[in-house]
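S.K.: Here it is, the structure in full.
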Amino acid sequence: MKLQAQVNGSPFEADVPAASSLLDVLRGAGLSGTKEGCRVGVCGLCTVLVDGRPVSSCLYLAGCADDADVWTVEGMAVRAPSVVGAFVEHEGMQCGICTPGQVVAVASMGPEVRGEDAVRRYLGGNLCRCTGYGTIVEAALDAQDRRGVPGPT
Amino acid sequence: MSVRSADETAFFVPDTLDAAVEALSTPDAIALAGGTSVGLLLGQGLLVPSVLVWLGRIPELSALDEADGRLSIGASTTLATLAAHPRVRATLPALADAAGSVGNVRVRSVATVGGALAHADPRQDVPPALLALDARVEVVGPQGRRVLAVDELIDGFMSTALAPDEVITAVHVPVPRGRRSSYLRFTPGSADDYPTVLVAATVAVRDGVPIGATLAVGGAGPTPYLVPEADALAAVPVGQWADVVAEVADAAERRADPVSDRLGSAPYKRRMVAVWARRVLEQCLPATA
């Protein structure tokens, strides 16, 4: 199929099998910031936004991304600069392989994700083997704060 | 049978139900909704369809309305939408909690209620909740519309009564006054893992006394199942609730037919059915203090 979409705010075209994964399409187009991990939708490494929703791009089919608005970690400095800034400031990373998925996941949080418990539950599907999550959660809470989301009521 | 490569799989995006049903009559066609299960099976080479028929662009499948004492939930409604919907949370907490328990945010943001039913994995959170809530599943195919109970639809391990060219269009759930519902999953692993057992219950209460109850169990057999012995809770005076709940929980355990796997041995799962059945029924009964 000829896939036509917006990726990180720019027009994107690719001639790919419709049943290929969005992950393979993006990486095949040189957008290698999105990492491949478990390939079964569990680890969160390949998290991208499709029409504002977080998805596992390893399971998301190219055919379903036609006409869609896709954002990857490469676009986060434009779409969610406060999230990127919070990860840098709190050093919400160590080896870095989960970081693209963590940043995109935090960028997908809505205002209903308030306070540490909610943030930890929301990020429960983004696995990290290095940090112990402390600085990632700090970065996420700070990012929510910067976006004007208050603490738990 | 010739071997087909995944690269040859066609992709069709119908904008009407009729077009979807027609496309699904192609041999080896597969309906695709959120894609979290189909994506897995494709990725593992377990499924090589001739054509994927994506149901994500059919407007009538994503409606969510309340009328005549029931909520009608379009099959394409995502689990995230269901879990956050104010009316679902207020009137069907068991369903909201079940939908909000599936996998992780990325799964829930695209996985659909219709897909959860059609996939018929016995470890799925949503089907037992719909079973306990006495939901009806509306299905459309070339012969027209039919309506099935959840335990008529799911007829075996990862198997349904759907014909290849039938599509789940909606789930209708009654919202009677005074009915309380609850959903619990026992997940000794990480929160996003499949549950060892899961339970959903409803208790209808009038004047502080139960007048009817349902209990459904998942993860403990090839299909989710109802425990009809829950009827015994009707009209039981408050002093005898604990005894009757224990009897119902024992009945739930007797009806369990689990397999041993990494989520627990079969005898362990059977015992956990009784424990969690008791807990979920207790949550639905009015406070007695």
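Following the order of the structure tokens, chains are lettered A, B, ..., residues in each are numbered from 1, and ligands are numbered from 1.
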Output as JSON lines one row per residue of chain A within 6 Å of chain B: the closest atom pair and its distance in Å to one decimal place, counting only C-alpha atoms, sorted by chain and residue number ascending.

M.R.:
```
{"residue": "A:Pro17", "atom": "CA", "partner": "B:Asp7", "partner_atom": "CA", "distance": 5.3}
{"residue": "A:Ala18", "atom": "CA", "partner": "B:Phe11", "partner_atom": "CA", "distance": 5.9}
{"residue": "A:Pro54", "atom": "CA", "partner": "B:Arg106", "partner_atom": "CA", "distance": 5.2}
{"residue": "A:Val55", "atom": "CA", "partner": "B:Arg106", "partner_atom": "CA", "distance": 4.4}
{"residue": "A:Ser56", "atom": "CA", "partner": "B:Arg106", "partner_atom": "CA", "distance": 5.9}
{"residue": "A:Leu59", "atom": "CA", "partner": "B:Gly39", "partner_atom": "CA", "distance": 4.7}
{"residue": "A:Gly125", "atom": "CA", "partner": "B:Asn104", "partner_atom": "CA", "distance": 5.1}
```

S.K.: With C-alpha atoms kept, could you save the residues just selected as an mmCIF file, in the first residue's frame?

M.R.:
```cif
data_model
loop_
_atom_site.group_PDB
_atom_site.id
_atom_site.type_symbol
_atom_site.label_atom_id
_atom_site.label_comp_id
_atom_site.auth_asym_id
_atom_site.auth_seq_id
_atom_site.Cartn_x
_atom_site.Cartn_y
_atom_site.Cartn_z
ATOM 1 C CA PRO A 17 2.870 -3.901 3.077
ATOM 2 C CA ALA A 18 -0.362 -2.922 4.863
ATOM 3 C CA PRO A 54 -0.246 6.224 22.817
ATOM 4 C CA VAL A 55 0.139 2.945 20.926
ATOM 5 C CA SER A 56 2.645 0.126 20.743
ATOM 6 C CA LEU A 59 1.497 -4.068 17.071
ATOM 7 C CA GLY A 125 3.488 -0.454 30.900
#
```

S.K.: Which residues are close to Glu116 (chain A), i.e. within 9 Å by only C-alpha atoms, leaving aside same-chain residues fewer than 3 positions away? Reply as a ChimeraX atom specification.

M.R.: /A:113,119-121,137-138,140-141,151-152

S.K.: Filtering to N, CA and C atoms, could you give me those residues as a PDB file, in the first residue's frame?

M.R.:
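Result written to again.pdb:
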```pdb
ATOM      1  N   VAL A 113      -4.322  12.439  34.753  1.00  0.00           N
ATOM      2  CA  VAL A 113      -3.218  11.720  35.393  1.00  0.00           C
ATOM      3  C   VAL A 113      -2.564  12.660  36.395  1.00  0.00           C
ATOM      4  N   VAL A 119       0.521   8.600  38.088  1.00  0.00           N
ATOM      5  CA  VAL A 119       1.636   8.598  37.132  1.00  0.00           C
ATOM      6  C   VAL A 119       2.280   7.209  37.086  1.00  0.00           C
ATOM      7  N   ARG A 120       2.488   6.620  38.260  1.00  0.00           N
ATOM      8  CA  ARG A 120       3.109   5.287  38.278  1.00  0.00           C
ATOM      9  C   ARG A 120       2.218   4.262  37.595  1.00  0.00           C
ATOM     10  N   ARG A 121       0.901   4.368  37.809  1.00  0.00           N
ATOM     11  CA  ARG A 121      -0.005   3.418  37.172  1.00  0.00           C
ATOM     12  C   ARG A 121       0.022   3.625  35.647  1.00  0.00           C
ATOM     13  N   VAL A 137       9.683   8.985  37.217  1.00  0.00           N
ATOM     14  CA  VAL A 137       8.440   9.460  37.839  1.00  0.00           C
ATOM     15  C   VAL A 137       8.576  10.936  38.209  1.00  0.00           C
ATOM     16  N   GLU A 138       9.753  11.324  38.727  1.00  0.00           N
ATOM     17  CA  GLU A 138       9.969  12.746  39.034  1.00  0.00           C
ATOM     18  C   GLU A 138       9.818  13.608  37.780  1.00  0.00           C
ATOM     19  N   ALA A 140       8.124  12.883  35.094  1.00  0.00           N
ATOM     20  CA  ALA A 140       6.726  12.886  34.655  1.00  0.00           C
ATOM     21  C   ALA A 140       5.886  13.830  35.508  1.00  0.00           C
ATOM     22  N   LEU A 141       6.107  13.799  36.828  1.00  0.00           N
ATOM     23  CA  LEU A 141       5.349  14.690  37.715  1.00  0.00           C
ATOM     24  C   LEU A 141       5.676  16.149  37.404  1.00  0.00           C
ATOM     25  N   GLY A 151      -1.676  18.548  41.541  1.00  0.00           N
ATOM     26  CA  GLY A 151      -1.537  17.274  42.246  1.00  0.00           C
ATOM     27  C   GLY A 151      -2.895  16.673  42.544  1.00  0.00           C
ATOM     28  N   PRO A 152      -2.917  15.515  43.234  1.00  0.00           N
ATOM     29  CA  PRO A 152      -4.195  14.845  43.502  1.00  0.00           C
ATOM     30  C   PRO A 152      -5.103  15.741  44.331  1.00  0.00           C
TER      31      PRO A 152
END
```

S.K.: Run DSSP on the backbone of this structure and report the residues of region 49-141 of chain A it assigns to strand (DSSP E or B), as an MDAnalysis selection string.

M.R.: chainID A and resid 49:50 53:56 61 69:71

S.K.: Would you write out those residues with N, CA and C atoms, as an mmCIF file, in the first residue's frame?

M.R.:
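Saved to result_38.cif:
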```
data_model
loop_
_atom_site.group_PDB
_atom_site.id
_atom_site.type_symbol
_atom_site.label_atom_id
_atom_site.label_comp_id
_atom_site.auth_asym_id
_atom_site.auth_seq_id
_atom_site.Cartn_x
_atom_site.Cartn_y
_atom_site.Cartn_z
ATOM 1 N N LEU A 49 2.692 8.175 19.289
ATOM 2 C CA LEU A 49 1.336 8.711 19.337
ATOM 3 C C LEU A 49 0.691 8.570 17.965
ATOM 4 N N VAL A 50 -0.534 8.049 17.933
ATOM 5 C CA VAL A 50 -1.330 8.036 16.711
ATOM 6 C C VAL A 50 -2.622 8.785 17.018
ATOM 7 N N ARG A 53 -3.158 9.370 20.670
ATOM 8 C CA ARG A 53 -3.232 8.248 21.614
ATOM 9 C C ARG A 53 -1.909 7.486 21.620
ATOM 10 N N PRO A 54 -1.472 7.035 22.788
ATOM 11 C CA PRO A 54 -0.246 6.224 22.817
ATOM 12 C C PRO A 54 -0.547 4.825 22.293
ATOM 13 N N VAL A 55 0.304 4.317 21.417
ATOM 14 C CA VAL A 55 0.139 2.945 20.926
ATOM 15 C C VAL A 55 1.501 2.254 20.922
ATOM 16 N N SER A 56 1.440 0.919 20.953
ATOM 17 C CA SER A 56 2.645 0.126 20.743
ATOM 18 C C SER A 56 2.830 0.011 19.238
ATOM 19 N N LEU A 61 -0.705 -1.585 12.961
ATOM 20 C CA LEU A 61 -0.474 -1.917 11.560
ATOM 21 C C LEU A 61 -0.387 -0.647 10.704
ATOM 22 N N ASP A 69 -2.205 11.101 12.244
ATOM 23 C CA ASP A 69 -1.247 12.095 12.738
ATOM 24 C C ASP A 69 -0.336 11.367 13.733
ATOM 25 N N VAL A 70 0.875 11.064 13.280
ATOM 26 C CA VAL A 70 1.794 10.234 14.064
ATOM 27 C C VAL A 70 2.913 11.102 14.635
ATOM 28 N N TRP A 71 3.228 10.875 15.909
ATOM 29 C CA TRP A 71 4.351 11.577 16.538
ATOM 30 C C TRP A 71 5.271 10.558 17.186
#
```

S.K.: Write out as a PyMOL selection string each polymer residue whose atoms come within 10 Å of Ala68 (chain A), counting only C-alpha atoms; drop sequence neighbours fewer than 6 positions from it.

M.R.: chain A and resi 3-7+49-52

S.K.: State, in Å with one decimal place, the distance from CA of Asp134 (chain B) to CA of Val21 (chain B).

M.R.: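 One can read the CA of Asp134 (chain B) to CA of Val21 (chain B) distance as 26.6 Å.
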
S.K.: If you count only C-alpha atoms, which residues fall within 9 Å of region 33-40 of chain A, apart from same-chain ones fewer than 6 positions away, as a ChimeraX atom specification?

M.R.: /A:23-24,26-27,46-48,56-59,72-74,97-98,100-101 /B:36,39-40,43

S.K.: Could you take the residues named above and write them with C-alpha atoms, as an mmCIF file, in the first residue's frame?

M.R.:
```cif
data_model
loop_
_atom_site.group_PDB
_atom_site.id
_atom_site.type_symbol
_atom_site.label_atom_id
_atom_site.label_comp_id
_atom_site.auth_asym_id
_atom_site.auth_seq_id
_atom_site.Cartn_x
_atom_site.Cartn_y
_atom_site.Cartn_z
ATOM 1 C CA LEU A 23 7.455 0.378 14.054
ATOM 2 C CA ASP A 24 9.095 -1.200 11.005
ATOM 3 C CA LEU A 26 9.120 4.321 10.931
ATOM 4 C CA ARG A 27 12.513 2.728 11.490
ATOM 5 C CA CYS A 46 8.158 1.457 20.778
ATOM 6 C CA THR A 47 5.500 3.851 22.114
ATOM 7 C CA VAL A 48 4.384 6.470 19.570
ATOM 8 C CA SER A 56 2.645 0.126 20.743
ATOM 9 C CA SER A 57 3.971 0.674 17.236
ATOM 10 C CA CYS A 58 5.164 -2.966 17.123
ATOM 11 C CA LEU A 59 1.497 -4.068 17.071
ATOM 12 C CA THR A 72 7.585 9.860 17.540
ATOM 13 C CA VAL A 73 10.327 10.785 19.977
ATOM 14 C CA GLU A 74 11.992 12.752 17.171
ATOM 15 C CA ILE A 97 16.800 2.445 25.466
ATOM 16 C CA CYS A 98 13.416 2.905 27.168
ATOM 17 C CA PRO A 100 11.981 7.387 23.741
ATOM 18 C CA GLY A 101 8.951 5.360 24.879
ATOM 19 C CA THR B 36 -3.681 -5.526 19.685
ATOM 20 C CA GLY B 39 -1.194 -7.532 15.491
ATOM 21 C CA LEU B 40 0.315 -10.086 17.860
ATOM 22 C CA GLY B 43 3.729 -10.640 14.124
#
```

S.K.: So that I can check the surroundings of Thr187 (chain B), please list as a PDB file with C-alpha atoms, in the first residue's frame every protein, DNA and RNA residue that reaches within 12 Å of it, counting only C-alpha atoms and ignoring chain neighbours fewer than 5 positions away.

M.R.:
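Writing the result to result-v2.pdb gives the following:
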```
ATOM      1  CA  SER B 101      -7.538  -3.391  33.978  1.00  0.00           C
ATOM      2  CA  VAL B 102      -6.561  -4.691  30.534  1.00  0.00           C
ATOM      3  CA  GLY B 103      -2.850  -4.672  29.703  1.00  0.00           C
ATOM      4  CA  ARG B 123      -7.974 -14.471  30.422  1.00  0.00           C
ATOM      5  CA  ASP B 125     -11.015  -8.948  31.621  1.00  0.00           C
ATOM      6  CA  ASP B 192      -0.128  -5.458  33.386  1.00  0.00           C
ATOM      7  CA  ASP B 193       0.120  -9.265  33.318  1.00  0.00           C
ATOM      8  CA  TYR B 194      -2.758 -11.583  32.566  1.00  0.00           C
ATOM      9  CA  PRO B 195      -4.706 -12.396  35.723  1.00  0.00           C
ATOM     10  CA  THR B 196      -4.580 -15.825  37.372  1.00  0.00           C
ATOM     11  CA  VAL B 197      -8.337 -15.647  37.908  1.00  0.00           C
ATOM     12  CA  LEU B 198     -10.863 -12.859  37.479  1.00  0.00           C
ATOM     13  CA  VAL B 199     -14.344 -12.442  38.873  1.00  0.00           C
ATOM     14  CA  GLY B 219      -9.274 -17.426  33.629  1.00  0.00           C
ATOM     15  CA  ARG B 262       2.793 -19.978  34.597  1.00  0.00           C
ATOM     16  CA  LEU B 263      -0.108 -18.086  36.182  1.00  0.00           C
ATOM     17  CA  GLY B 264      -0.710 -20.923  38.667  1.00  0.00           C
ATOM     18  CA  LYS B 269      -6.475 -21.517  40.492  1.00  0.00           C
ATOM     19  CA  MET B 272      -8.359 -18.777  44.142  1.00  0.00           C
ATOM     20  CA  TRP B 276     -11.986 -14.085  44.853  1.00  0.00           C
TER      21      TRP B 276
END
```

S.K.: Which residues come within 9 Å of region 204-217 of chain B, counting only C-alpha atoms, excluding same-chain residues fewer than 2 positions away, as a PyMOL selection string?

M.R.: chain B and resi 128-134+176-181+197-202+219-221+223-238+248+252+256+273+277+280-281+284-286

S.K.: Quick one: pull the distance between CA of Ile168 (chain B) and CA of Arg70 (chain B), Å, one decimal.

M.R.: 17.7 Å

S.K.: Would you kindly return, as a ChimeraX atom specification, each protein, DNA or RNA residue with an atom no farther than 8 Å from any atom of Ala96 (chain B), considering only C-alpha atoms and excluding same-chain residues fewer than 2 positions away?

M.R.: /B:82-85,88-89,92-94,98-100

S.K.: Pick out each residue of region 56-207 of chain B that DSSP on the backbone tags as helix (DSSP H, G or I); I need them as number ranges by chain.

M.R.: B: 59-62, 79-84, 86-91, 93-101, 105-108, 113-119, 126-132, 150-153

S.K.: Find, counting only C-alpha atoms, the residue in A:Val25, A:Cys130, A:Ile136, A:Val78 that gets nearest to Val103 (chain A).

M.R.: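 Among the listed residues, A:Ile136 lies closest to Val103 (chain A).
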
S.K.: Could you work out how far CA of Ala80 (chain B) lies from CA of Thr160 (chain B), giving the answer in Å with one decimal?

M.R.: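 Going from CA of Thr160 (chain B) over to CA of Ala80 (chain B), I get 24.0 Å.
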